[in-house]
file model-v7.cif (mmCIF, C-alpha atoms (C1' of nucleotides))
data_my_file
loop_
_atom_site.label_atom_id
_atom_site.label_comp_id
_atom_site.auth_asym_id
_atom_site.auth_seq_id
_atom_site.Cartn_x
_atom_site.Cartn_y
_atom_site.Cartn_z
CA MET A 828 -1.01 34.69 9.37
CA THR A 829 -0.76 31.70 11.70
CA ASP A 830 1.03 28.58 10.53
CA LEU A 831 -2.29 26.85 10.11
CA GLU A 832 -3.53 29.63 7.85
CA GLN A 833 -0.26 29.52 5.96
CA TYR A 834 -0.64 25.81 5.35
CA LEU A 835 -4.32 26.04 4.48
CA HIS A 836 -3.36 28.73 2.03
CA SER A 837 -0.59 26.73 0.42
CA TYR A 838 -2.70 23.59 0.13
CA PHE A 839 -5.99 25.09 -0.84
CA THR A 840 -5.51 28.65 -2.10
CA PHE A 841 -8.48 30.05 -0.19
CA ASP A 842 -8.73 33.80 -0.08
CA GLN A 843 -7.83 35.68 3.09
CA ASP A 844 -11.38 36.00 4.39
CA ASP A 845 -12.24 32.32 4.14
CA LEU A 846 -8.87 31.42 5.56
CA VAL A 847 -9.57 33.25 8.77
CA LYS A 848 -13.07 31.82 9.09
CA VAL A 849 -11.92 28.25 8.57
CA SER A 850 -8.91 28.44 10.82
CA ALA A 851 -11.18 29.84 13.54
CA LEU A 852 -12.87 26.42 13.64
CA PHE A 853 -9.63 24.87 14.84
CA ARG A 854 -8.38 25.20 18.37
CA LYS A 855 -4.78 24.94 19.33
CA LYS A 856 -3.72 22.11 21.56
CA THR A 857 -0.52 20.53 22.82
CA LEU A 858 0.24 16.91 23.50
CA ASN A 859 3.15 15.70 25.55
CA LYS A 860 5.46 13.02 24.31
CA GLY A 861 3.73 9.70 24.80
CA ASP A 862 0.20 11.14 24.85
CA TYR A 863 -2.39 9.70 22.53
CA PHE A 864 -4.33 11.72 19.99
CA LEU A 865 -6.45 8.65 19.30
CA LYS A 866 -6.63 5.04 20.43
CA ALA A 867 -7.72 2.02 18.43
CA GLY A 868 -11.26 1.00 19.23
CA ARG A 869 -12.34 4.55 20.07
CA GLN A 870 -14.13 6.80 17.65
CA CYS A 871 -12.19 9.45 15.83
CA ASN A 872 -14.18 12.65 16.37
CA GLN A 873 -11.53 15.14 15.37
CA LEU A 874 -9.13 15.95 12.63
CA CYS A 875 -5.83 17.55 13.50
CA PHE A 876 -3.23 19.61 11.76
CA ILE A 877 0.33 19.23 12.96
CA GLN A 878 2.03 22.50 13.75
CA SER A 879 5.16 20.92 15.19
CA GLY A 880 6.31 17.55 16.43
CA LEU A 881 5.81 13.97 15.33
CA LEU A 882 2.76 11.74 15.56
CA ARG A 883 3.13 8.00 15.11
CA ILE A 884 0.24 6.00 13.70
CA TYR A 885 0.34 2.33 14.54
CA ALA A 886 -1.76 -0.76 15.06
CA ASP A 887 -1.44 -3.50 17.62
CA VAL A 888 -1.10 -6.96 16.07
CA ASP A 889 -1.03 -9.66 18.73
CA GLY A 890 0.84 -7.38 21.09
CA LYS A 891 3.30 -6.22 18.46
CA GLU A 892 3.10 -2.61 17.34
CA VAL A 893 3.12 -2.09 13.59
CA THR A 894 3.87 1.48 12.61
CA GLN A 895 1.75 2.56 9.68
CA TRP A 896 3.08 6.07 9.27
CA ILE A 897 4.69 8.97 11.08
CA SER A 898 3.14 12.36 10.45
CA SER A 899 5.06 15.59 10.90
CA GLN A 900 4.66 19.32 10.51
CA GLY A 901 2.09 20.30 7.90
CA TYR A 902 0.17 17.01 7.92
CA PHE A 903 -3.56 16.68 8.41
CA VAL A 904 -4.28 13.56 10.42
CA ALA A 905 -7.37 11.54 11.29
CA ASP A 906 -8.70 8.04 10.88
CA LEU A 907 -10.76 9.16 7.91
CA SER A 908 -13.00 6.14 7.94
CA SER A 909 -13.72 6.50 11.66
CA LEU A 910 -14.24 10.25 11.34
CA LEU A 911 -16.75 9.95 8.51
CA PHE A 912 -18.54 6.70 9.30
CA GLN A 913 -18.21 6.89 13.07
CA THR A 914 -16.78 3.40 13.21
CA PRO A 915 -14.11 2.40 15.74
CA SER A 916 -10.63 3.56 14.84
CA ARG A 917 -8.15 0.95 13.74
CA TRP A 918 -5.12 2.98 14.68
CA TYR A 919 -3.35 4.29 17.71
CA MET A 920 -1.98 7.78 17.22
CA GLN A 921 0.68 8.68 19.74
CA ALA A 922 2.93 11.70 20.12
CA LEU A 923 6.55 10.74 19.50
CA THR A 924 7.64 14.19 20.71
CA ASN A 925 5.87 17.09 22.33
CA LEU A 926 3.32 18.09 19.79
CA GLU A 927 1.54 21.29 18.83
CA ILE A 928 -1.61 20.65 16.86
CA PHE A 929 -4.73 22.42 15.68
CA VAL A 930 -7.85 20.39 16.24
CA ILE A 931 -11.23 20.58 14.55
CA GLU A 932 -14.29 18.66 15.75
CA ARG A 933 -16.28 16.51 13.34
CA ALA A 934 -19.29 18.80 13.45
CA ASP A 935 -17.21 21.84 12.61
CA TYR A 936 -15.34 20.00 9.94
CA ASN A 937 -18.62 19.12 8.30
CA ARG A 938 -19.55 22.79 8.40
CA ILE A 939 -16.60 24.02 6.33
CA GLY A 940 -18.69 23.67 3.19
CA GLU A 941 -21.06 26.32 4.51
CA ILE A 942 -18.21 28.80 4.78
CA ILE A 943 -16.42 27.95 1.60
CA PRO A 944 -18.73 26.97 -1.23
CA LYS A 945 -16.01 25.32 -3.27
CA TRP A 946 -14.81 23.28 -0.27
CA PRO A 947 -16.15 19.94 -1.52
CA GLU A 948 -14.19 20.33 -4.74
CA THR A 949 -11.10 21.36 -2.84
CA GLU A 950 -11.45 18.50 -0.43
CA LYS A 951 -11.79 16.06 -3.30
CA LEU A 952 -8.57 17.27 -4.88
CA PHE A 953 -6.82 16.97 -1.55
CA LEU A 954 -8.05 13.40 -1.12
CA ALA A 955 -6.95 12.64 -4.67
CA HIS A 956 -3.43 13.76 -3.80
CA CYS A 957 -3.43 11.44 -0.80
CA PHE A 958 -4.66 8.70 -3.11
CA THR A 959 -1.70 9.10 -5.39
CA MET A 960 0.70 8.91 -2.49
CA MET A 961 -0.93 5.73 -1.24
CA GLU A 962 -0.83 4.20 -4.72
CA ASP A 963 2.87 5.01 -4.90
CA ARG A 964 3.42 3.42 -1.55
CA ILE A 965 1.58 0.24 -2.55
CA PHE A 966 3.58 0.19 -5.74
CA SER A 967 6.81 0.40 -3.77
CA PHE A 968 5.84 -2.80 -1.96
CA ILE A 969 5.00 -4.79 -5.06
CA SER A 970 7.85 -3.60 -7.24
CA MET A 971 10.85 -2.85 -5.03
CA THR A 972 13.29 -4.68 -2.77
CA ALA A 973 13.72 -3.65 0.86
CA GLU A 974 16.75 -1.59 -0.07
CA GLU A 975 14.95 0.23 -2.87
CA ARG A 976 12.01 0.98 -0.58
CA TYR A 977 14.40 2.40 1.97
CA HIS A 978 15.81 4.84 -0.57
CA PHE A 979 12.35 5.63 -1.93
CA LEU A 980 11.20 6.75 1.52
CA PHE A 981 14.50 8.40 2.36
CA GLU A 982 14.44 10.60 -0.75
CA ARG A 983 10.89 11.73 -0.02
CA ASN A 984 11.22 12.09 3.73
CA ARG A 985 14.80 12.79 4.70
CA ALA A 986 13.81 14.74 7.80
CA LEU A 987 12.21 11.70 9.43
CA PHE A 988 15.43 9.74 9.43
CA ASN A 989 17.15 12.09 11.87
CA GLN A 990 14.26 12.49 14.23
CA VAL A 991 12.67 9.10 14.60
CA PRO A 992 13.84 5.80 16.11
CA LEU A 993 14.78 3.64 13.15
CA GLN A 994 12.72 0.75 14.41
CA TYR A 995 9.59 2.71 13.54
CA ILE A 996 10.85 3.51 10.08
CA ALA A 997 11.72 -0.15 9.62
CA SER A 998 8.15 -1.05 10.53
CA MET A 999 6.73 1.51 8.08
CA LEU A 1000 8.86 -0.08 5.38
CA GLY A 1001 7.82 -3.61 6.28
CA MET A 1002 11.25 -4.79 7.42
CA THR A 1003 13.13 -5.42 10.67
CA PRO A 1004 15.40 -2.91 12.41
CA GLU A 1005 18.35 -5.21 11.71
CA THR A 1006 17.69 -5.09 7.99
CA ILE A 1007 17.52 -1.31 7.99
CA SER A 1008 20.72 -1.16 10.00
CA ARG A 1009 22.51 -3.28 7.39
CA ILE A 1010 21.18 -1.22 4.51
CA ARG A 1011 22.49 1.85 6.25
CA ARG A 1012 25.94 0.39 6.73
CA LYS A 1013 26.13 -0.27 3.00
CA GLN A 1014 25.47 3.41 2.35
CA LEU A 1015 28.41 4.51 4.46
CA GLN A 1016 30.93 2.31 2.66
CA MET B 1428 -33.03 -0.83 -13.95
CA THR B 1429 -29.78 -1.40 -15.79
CA ASP B 1430 -26.87 -2.95 -13.97
CA LEU B 1431 -25.20 0.42 -13.76
CA GLU B 1432 -28.26 1.92 -12.11
CA GLN B 1433 -28.42 -1.05 -9.77
CA TYR B 1434 -24.85 -0.53 -8.73
CA LEU B 1435 -25.16 3.23 -8.43
CA HIS B 1436 -28.16 2.58 -6.26
CA SER B 1437 -26.42 0.10 -4.02
CA TYR B 1438 -23.35 2.27 -3.61
CA PHE B 1439 -24.98 5.64 -3.33
CA THR B 1440 -28.67 5.30 -2.52
CA PHE B 1441 -29.78 7.96 -4.99
CA ASP B 1442 -33.47 8.16 -5.69
CA GLN B 1443 -34.88 6.80 -8.91
CA ASP B 1444 -35.01 10.12 -10.74
CA ASP B 1445 -31.40 11.06 -10.11
CA LEU B 1446 -30.32 7.54 -10.88
CA VAL B 1447 -31.70 7.75 -14.38
CA LYS B 1448 -30.22 11.17 -14.99
CA VAL B 1449 -26.76 10.17 -13.83
CA SER B 1450 -26.66 6.88 -15.62
CA ALA B 1451 -27.67 8.73 -18.81
CA LEU B 1452 -24.27 10.42 -18.68
CA PHE B 1453 -22.58 7.06 -19.17
CA ARG B 1454 -22.41 5.33 -22.52
CA LYS B 1455 -22.05 1.63 -22.91
CA LYS B 1456 -18.95 0.32 -24.58
CA THR B 1457 -17.23 -2.99 -25.15
CA LEU B 1458 -13.56 -3.77 -25.21
CA ASN B 1459 -12.09 -6.94 -26.65
CA LYS B 1460 -9.62 -9.02 -24.74
CA GLY B 1461 -6.25 -7.29 -25.01
CA ASP B 1462 -7.68 -3.84 -25.77
CA TYR B 1463 -6.55 -0.92 -23.66
CA PHE B 1464 -8.89 1.32 -21.72
CA LEU B 1465 -5.93 3.56 -20.91
CA LYS B 1466 -2.21 3.64 -21.57
CA ALA B 1467 0.52 5.04 -19.36
CA GLY B 1468 1.65 8.47 -20.48
CA ARG B 1469 -1.74 9.35 -21.94
CA GLN B 1470 -4.28 11.42 -20.12
CA CYS B 1471 -7.17 9.71 -18.41
CA ASN B 1472 -10.25 11.55 -19.65
CA GLN B 1473 -12.86 9.02 -18.64
CA LEU B 1474 -14.05 7.02 -15.73
CA CYS B 1475 -15.52 3.61 -16.34
CA PHE B 1476 -17.82 1.24 -14.54
CA ILE B 1477 -17.28 -2.45 -15.18
CA GLN B 1478 -20.43 -4.29 -16.15
CA SER B 1479 -18.68 -7.57 -16.91
CA GLY B 1480 -15.17 -8.83 -17.52
CA LEU B 1481 -11.76 -8.12 -16.03
CA LEU B 1482 -9.51 -5.09 -16.38
CA ARG B 1483 -5.87 -5.34 -15.40
CA ILE B 1484 -4.08 -2.25 -14.13
CA TYR B 1485 -0.33 -2.40 -14.46
CA ALA B 1486 2.80 -0.33 -14.85
CA ASP B 1487 5.86 -0.95 -16.95
CA VAL B 1488 9.08 -1.02 -14.92
CA ASP B 1489 12.12 -1.43 -17.16
CA GLY B 1490 10.19 -3.64 -19.54
CA LYS B 1491 8.66 -5.71 -16.75
CA GLU B 1492 4.93 -5.43 -16.17
CA VAL B 1493 3.92 -4.94 -12.54
CA THR B 1494 0.24 -5.62 -11.95
CA GLN B 1495 -1.21 -3.12 -9.53
CA TRP B 1496 -4.75 -4.45 -9.41
CA ILE B 1497 -7.38 -6.35 -11.36
CA SER B 1498 -10.82 -4.79 -11.40
CA SER B 1499 -13.95 -6.78 -12.01
CA GLN B 1500 -17.72 -6.40 -12.16
CA GLY B 1501 -19.03 -3.51 -10.10
CA TYR B 1502 -15.76 -1.55 -9.95
CA PHE B 1503 -15.37 2.08 -10.91
CA VAL B 1504 -12.01 2.56 -12.58
CA ALA B 1505 -9.87 5.54 -13.58
CA ASP B 1506 -6.46 6.98 -12.88
CA LEU B 1507 -7.96 9.43 -10.42
CA SER B 1508 -4.96 11.69 -10.35
CA SER B 1509 -4.80 11.88 -14.15
CA LEU B 1510 -8.57 12.37 -14.41
CA LEU B 1511 -8.65 15.25 -11.94
CA PHE B 1512 -5.31 16.96 -12.53
CA GLN B 1513 -4.98 16.11 -16.21
CA THR B 1514 -1.53 14.73 -15.66
CA PRO B 1515 -0.19 11.74 -17.66
CA SER B 1516 -1.48 8.40 -16.46
CA ARG B 1517 0.95 6.15 -14.66
CA TRP B 1518 -0.98 2.98 -15.43
CA TYR B 1519 -1.84 0.77 -18.34
CA MET B 1520 -5.36 -0.58 -18.13
CA GLN B 1521 -5.92 -3.58 -20.35
CA ALA B 1522 -8.87 -5.89 -20.83
CA LEU B 1523 -8.00 -9.37 -19.59
CA THR B 1524 -11.26 -10.68 -21.07
CA ASN B 1525 -13.91 -9.23 -23.32
CA LEU B 1526 -15.25 -6.36 -21.31
CA GLU B 1527 -18.54 -4.50 -21.04
CA ILE B 1528 -18.14 -1.11 -19.47
CA PHE B 1529 -20.06 2.12 -18.98
CA VAL B 1530 -17.96 5.17 -19.70
CA ILE B 1531 -18.37 8.75 -18.55
CA GLU B 1532 -16.28 11.64 -19.88
CA ARG B 1533 -14.47 13.99 -17.51
CA ALA B 1534 -16.72 16.93 -18.36
CA ASP B 1535 -19.86 14.93 -17.66
CA TYR B 1536 -18.39 13.48 -14.51
CA ASN B 1537 -17.73 16.98 -13.25
CA ARG B 1538 -21.35 17.82 -13.99
CA ILE B 1539 -22.87 15.18 -11.71
CA GLY B 1540 -22.94 17.70 -8.87
CA GLU B 1541 -25.38 19.82 -10.87
CA ILE B 1542 -27.80 16.93 -11.09
CA ILE B 1543 -27.39 15.60 -7.57
CA PRO B 1544 -26.81 18.30 -4.99
CA LYS B 1545 -25.48 15.91 -2.40
CA TRP B 1546 -23.05 14.33 -4.88
CA PRO B 1547 -19.90 15.89 -3.38
CA GLU B 1548 -20.76 14.39 -0.02
CA THR B 1549 -21.53 11.04 -1.59
CA GLU B 1550 -18.36 11.11 -3.62
CA LYS B 1551 -16.33 11.89 -0.50
CA LEU B 1552 -17.77 8.89 1.33
CA PHE B 1553 -17.01 6.70 -1.66
CA LEU B 1554 -13.42 7.92 -1.75
CA ALA B 1555 -13.15 7.32 1.99
CA HIS B 1556 -14.15 3.68 1.45
CA CYS B 1557 -11.44 3.31 -1.16
CA PHE B 1558 -9.04 4.90 1.32
CA THR B 1559 -9.78 2.26 3.90
CA MET B 1560 -9.17 -0.50 1.40
CA MET B 1561 -5.85 0.99 0.38
CA GLU B 1562 -4.83 1.38 4.02
CA ASP B 1563 -5.65 -2.27 4.60
CA ARG B 1564 -3.61 -3.23 1.60
CA ILE B 1565 -0.62 -1.21 2.76
CA PHE B 1566 -1.00 -2.76 6.18
CA SER B 1567 -0.93 -6.23 4.66
CA PHE B 1568 2.49 -5.47 3.20
CA ILE B 1569 4.03 -4.16 6.39
CA SER B 1570 2.55 -6.71 8.76
CA MET B 1571 2.12 -9.99 6.88
CA THR B 1572 4.27 -12.67 5.27
CA ALA B 1573 3.79 -13.61 1.64
CA GLU B 1574 1.63 -16.54 2.67
CA GLU B 1575 -0.58 -14.41 4.92
CA ARG B 1576 -1.01 -11.84 2.16
CA TYR B 1577 -2.07 -14.60 -0.18
CA HIS B 1578 -4.82 -15.70 2.17
CA PHE B 1579 -5.82 -12.13 2.92
CA LEU B 1580 -6.46 -11.48 -0.77
CA PHE B 1581 -7.96 -14.90 -1.35
CA GLU B 1582 -10.56 -14.47 1.39
CA ARG B 1583 -11.60 -11.08 0.03
CA ASN B 1584 -11.44 -11.92 -3.64
CA ARG B 1585 -11.99 -15.60 -4.20
CA ALA B 1586 -13.52 -15.09 -7.63
CA LEU B 1587 -10.31 -13.65 -9.05
CA PHE B 1588 -8.34 -16.81 -8.36
CA ASN B 1589 -10.37 -18.89 -10.81
CA GLN B 1590 -10.45 -16.34 -13.57
CA VAL B 1591 -7.04 -14.75 -13.69
CA PRO B 1592 -3.58 -16.08 -14.57
CA LEU B 1593 -1.83 -16.57 -11.25
CA GLN B 1594 1.21 -14.63 -12.40
CA TYR B 1595 -0.86 -11.45 -12.27
CA ILE B 1596 -2.11 -12.23 -8.80
CA ALA B 1597 1.47 -12.95 -7.73
CA SER B 1598 2.48 -9.53 -8.99
CA MET B 1599 -0.40 -7.83 -7.13
CA LEU B 1600 0.82 -9.53 -3.97
CA GLY B 1601 4.43 -8.55 -4.54
CA MET B 1602 5.75 -12.09 -5.01
CA THR B 1603 6.81 -14.38 -7.84
CA PRO B 1604 4.58 -16.94 -9.57
CA GLU B 1605 6.80 -19.69 -8.16
CA THR B 1606 6.17 -18.53 -4.61
CA ILE B 1607 2.43 -18.48 -5.16
CA SER B 1608 2.62 -21.92 -6.69
CA ARG B 1609 4.37 -23.25 -3.58
CA ILE B 1610 1.91 -21.61 -1.23
CA ARG B 1611 -0.87 -23.24 -3.17
CA ARG B 1612 0.69 -26.67 -2.96
CA LYS B 1613 0.84 -26.33 0.84
CA GLN B 1614 -2.91 -25.70 0.90
CA LEU B 1615 -3.64 -28.97 -0.89
CA GLN B 1616 -1.63 -31.07 1.54
"C1'" DC C 855 27.41 13.62 35.61
"C1'" DC C 856 26.51 8.98 36.33
"C1'" DA C 857 23.26 5.06 36.10
"C1'" DT C 858 19.73 3.17 33.58
"C1'" DT C 859 17.15 2.42 29.76
"C1'" DT C 860 16.49 2.49 25.04
"C1'" DT C 861 18.15 2.17 20.54
"C1'" DC C 862 21.27 0.59 17.26
"C1'" DT C 863 24.74 -2.53 15.33
"C1'" DT C 864 26.91 -6.80 14.35
"C1'" DG C 865 27.65 -11.75 13.65
"C1'" DA C 866 25.91 -16.40 13.22
"C1'" DT C 867 22.25 -18.97 11.73
"C1'" DT C 868 17.69 -20.13 9.86
"C1'" DT C 869 13.90 -19.20 7.10
"C1'" DT C 870 11.80 -17.20 3.32
"C1'" DT C 871 11.71 -15.87 -1.17
"C1'" DG C 872 13.79 -15.25 -5.74
"C1'" DT C 873 16.13 -17.12 -9.81
"C1'" DC C 874 17.02 -20.28 -13.27
"C1'" DA C 875 15.99 -24.23 -15.85
"C1'" DA C 876 13.33 -27.97 -17.17
"C1'" DG C 877 9.23 -30.26 -17.69
"C1'" DT C 878 4.08 -30.76 -17.64
"C1'" DA C 879 -0.61 -29.48 -18.31
"C1'" DG C 880 -4.00 -27.04 -20.52
"C1'" DC C 881 -5.67 -23.87 -24.06
"C1'" DT C 882 -6.14 -22.17 -28.55
"C1'" DT C 883 -6.31 -22.24 -33.26
"C1'" DG C 884 -5.49 -23.43 -37.91
"C1'" DC D 529 -6.57 -33.31 -33.87
"C1'" DA D 530 -2.00 -31.72 -33.79
"C1'" DA D 531 1.20 -27.86 -33.15
"C1'" DG D 532 2.28 -24.18 -30.72
"C1'" DC D 533 1.44 -21.22 -27.02
"C1'" DT D 534 0.86 -19.95 -22.45
"C1'" DA D 535 0.48 -20.92 -17.79
"C1'" DC D 536 1.76 -23.59 -14.07
"C1'" DT D 537 4.72 -26.64 -11.30
"C1'" DT D 538 8.86 -28.49 -9.53
"C1'" DG D 539 13.67 -28.92 -8.06
"C1'" DA D 540 18.23 -27.12 -7.23
"C1'" DC D 541 20.46 -23.37 -5.92
"C1'" DA D 542 21.30 -18.35 -4.67
"C1'" DA D 543 20.01 -14.28 -2.54
"C1'" DA D 544 17.45 -11.67 0.69
"C1'" DA D 545 15.61 -11.00 4.93
"C1'" DA D 546 14.26 -12.67 9.62
"C1'" DT D 547 15.62 -14.32 14.03
"C1'" DC D 548 18.41 -14.72 17.99
"C1'" DA D 549 21.92 -13.19 20.95
"C1'" DA D 550 25.34 -10.16 22.44
"C1'" DG D 551 27.43 -5.98 22.84
"C1'" DA D 552 28.06 -0.86 21.70
"C1'" DA D 553 26.23 3.60 21.45
"C1'" DA D 554 23.09 7.06 22.51
"C1'" DA D 555 19.49 9.19 25.04
"C1'" DT D 556 17.16 10.00 29.41
"C1'" DG D 557 16.35 11.11 34.06
"C1'" DG D 558 17.50 11.70 38.60
#
call {"tool": "encode", "arguments": {"input": "model-v7.cif", "output": "structure tokens"}}
result
Amino acid sequence: MTDLEQYLHSYFTFDQDDLVKVSALFRKKTLNKGDYFLKAGRQCNQLCFIQSGLLRIYADVDGKEVTQWISSQGYFVADLSSLLFQTPSRWYMQALTNLEIFVIERADYNRIGEIIPKWPETEKLFLAHCFTMMEDRIFSFISMTAEERYHFLFERNRALFNQVPLQYIASMLGMTPETISRIRRKQLQ
Amino acid sequence: MTDLEQYLHSYFTFDQDDLVKVSALFRKKTLNKGDYFLKAGRQCNQLCFIQSGLLRIYADVDGKEVTQWISSQGYFVADLSSLLFQTPSRWYMQALTNLEIFVIERADYNRIGEIIPKWPETEKLFLAHCFTMMEDRIFSFISMTAEERYHFLFERNRALFNQVPLQYIASMLGMTPETISRIRRKQLQ
DNA sequence: CCATTTTCTTGATTTTTGTCAAGTAGCTTG
DNA sequence: CAAGCTACTTGACAAAAATCAAGAAAATGG
């Protein structure tokens, strides 16, 4: 079983046959550090699965980069709205490290339902999980201080904190690098 | 055409036949100001469509109510995660005004696909729209000041500001009522 | 391995926002 | 209409976070 199949299996509990057929729609690809998977303004025509490495999702606001999220191993990534409605993407998606991904084209993605009859149901449940995570994230902004948000993310995503420049994490949390640095110092004492 | 049918039509572009069949799965209901559509800890077994009135969605954090959102006419509302996974709801949903809603039970909701073959596709696109709105909201927290967030919401949701106690709007925006009051004063000058 | 660049930390200061307390305005209801 | 709520505003102050500037530490690339 490839890693992609393993992940598909753990997320979606397909049976072996379907697994192979679906994963055959993906093709493996590598990106070098600094390469873009997607640029704002372009159309998102693919969805990718991250096999290894880190992908930073950010927007450009008056020349300042605002990091929306950093996706790592096991994530599915696309600008969903751009993928489905063929509108321009709002996000840049750039490799923070060398990156191994599996890529599926829009047309093939839309064909998964033909292979797996219960795909629409499965997909809905997957989207619902993402929904919950986004709700939690919104809730963290309206109900927590900067310090609490830091811990909230840290507890859920420890791995990130060793691998990623803190300035990006600060941006994800809606605070400055200086603030995150001071929160960290507190922890050590 | 009832209002529900009108809205279903505008959101989903069903044809007339399907429209009638789907809307027949909903039953009309009224809630009085202060009544709960859902309480945290309970299971969400229904989805509702708001015909008129305002429904406040909030959580209780150590005795303090944090308003997550206020839904108004034309909104579909449920704790999606609780509805689909039958987990306990995280939100209270309380009528801010007398409320006319159309309610559909989980079982009937899950049956829509039998009536409208392309429902799963339609539902996915609807969820994707919600996704985009949540992404925008998250982005407002990581990239805007309190004042900018205020305007961002105000431009998109003017109607709310006349109908809803400002303290709830403040909470949705992640700020105190005093801060919102000061932002407002600035506008007048 | 050294030079350069990038990232992180720290301190001083300013700005923003929260907290507390008091007062006002506007509803609601008996 | 008056009493009692509730919501809103305001001011004084405190706390949190941003900004600016400088320097330290770490990573990167020849």
call {"tool": "closest_residue", "arguments": {"input": "model-v7.cif", "among": "B:Gln1443, B:Ser1499, B:Asn1525, B:Asn1584", "to": "B:Gly1461", "atoms": "all atoms listed in the file"}}
result
B:Asn1525
call {"tool": "residues_around", "arguments": {"input": "model-v7.cif", "residues": "D:DA552", "least_positions_apart": "4", "cutoff": "10 Å", "atoms": "all atoms listed in the file", "output": "list in words"}}
result
DC862, DT863 and DT864 of chain C
call {"tool": "resolve_selection", "arguments": {"input": "model-v7.cif", "expression": "the PyMOL selection byres ((chain D) within 8 of (chain B))", "output": "list in words"}}
result
DA535, DC536 and DT537 of chain D
call {"tool": "residues_near_point", "arguments": {"input": "model-v7.cif", "point": "(19.0, -22.9, 10.6)", "cutoff": "12 Å", "atoms": "only C-alpha atoms (C1' of nucleotides)", "output": "compact mmCIF listing (two decimals) with C-alpha atoms (C1' of nucleotides), keeping the file's coordinate frame"}}
result
# COMPACT_ATOMS: atom_id res chain seq x y z
C1' DA C 866 25.91 -16.40 13.22
C1' DT C 867 22.25 -18.97 11.73
C1' DT C 868 17.69 -20.13 9.86
C1' DT C 869 13.90 -19.20 7.10
C1' DT C 870 11.80 -17.20 3.32
C1' DA D 546 14.26 -12.67 9.62
C1' DT D 547 15.62 -14.32 14.03
C1' DC D 548 18.41 -14.72 17.99
call {"tool": "axis_aligned_box", "arguments": {"input": "model-v7.cif", "around": "stretch 540-558 of chain D", "padding_each_side": "4 Å", "output": "JSON"}}
result
{"center_x": 21.2, "center_y": -7.7, "center_z": 15.7, "size_x": 21.8, "size_y": 46.8, "size_z": 53.8}
call {"tool": "atom_distance", "arguments": {"input": "model-v7.cif", "atom1": "atom CA of A:Val847", "atom2": "atom CA of A:Asp935"}}
result
14.3 Å
call {"tool": "atom_distance", "arguments": {"input": "model-v7.cif", "atom1": "atom CA of A:Phe966", "atom2": "atom CA of A:Ser916"}}
result
25.2 Å
call {"tool": "closest_residue", "arguments": {"input": "model-v7.cif", "among": "A:Leu846, A:Glu832, A:Leu865, A:Ser837", "to": "A:Ile939", "atoms": "all atoms listed in the file"}}
result
A:Leu846
call {"tool": "interface_residues", "arguments": {"input": "model-v7.cif", "of": "chain B", "to": "chain A", "cutoff": "9 Å", "atoms": "only C-alpha atoms", "output": "PyMOL selection string"}}
result
chain B and resi 1488+1493-1495+1507-1508+1511-1512+1547-1548+1550-1552+1554-1559+1561-1562+1564-1566+1568-1571+1598-1602
call {"tool": "resolve_selection", "arguments": {"input": "model-v7.cif", "expression": "the PyMOL selection byres ((chain C) within 10 of (chain B))", "output": "ChimeraX atom specification"}}
result
/C:870-873
call {"tool": "residues_around", "arguments": {"input": "model-v7.cif", "residues": "C:DC881", "least_positions_apart": "6", "cutoff": "12 Å", "atoms": "only C-alpha atoms (C1' of nucleotides)", "output": "ChimeraX atom specification"}}
result
/D:532-535
call {"tool": "atom_distance", "arguments": {"input": "model-v7.cif", "atom1": "atom CA of B:Arg1538", "atom2": "atom CA of B:Asp1462"}}
result
28.2 Å
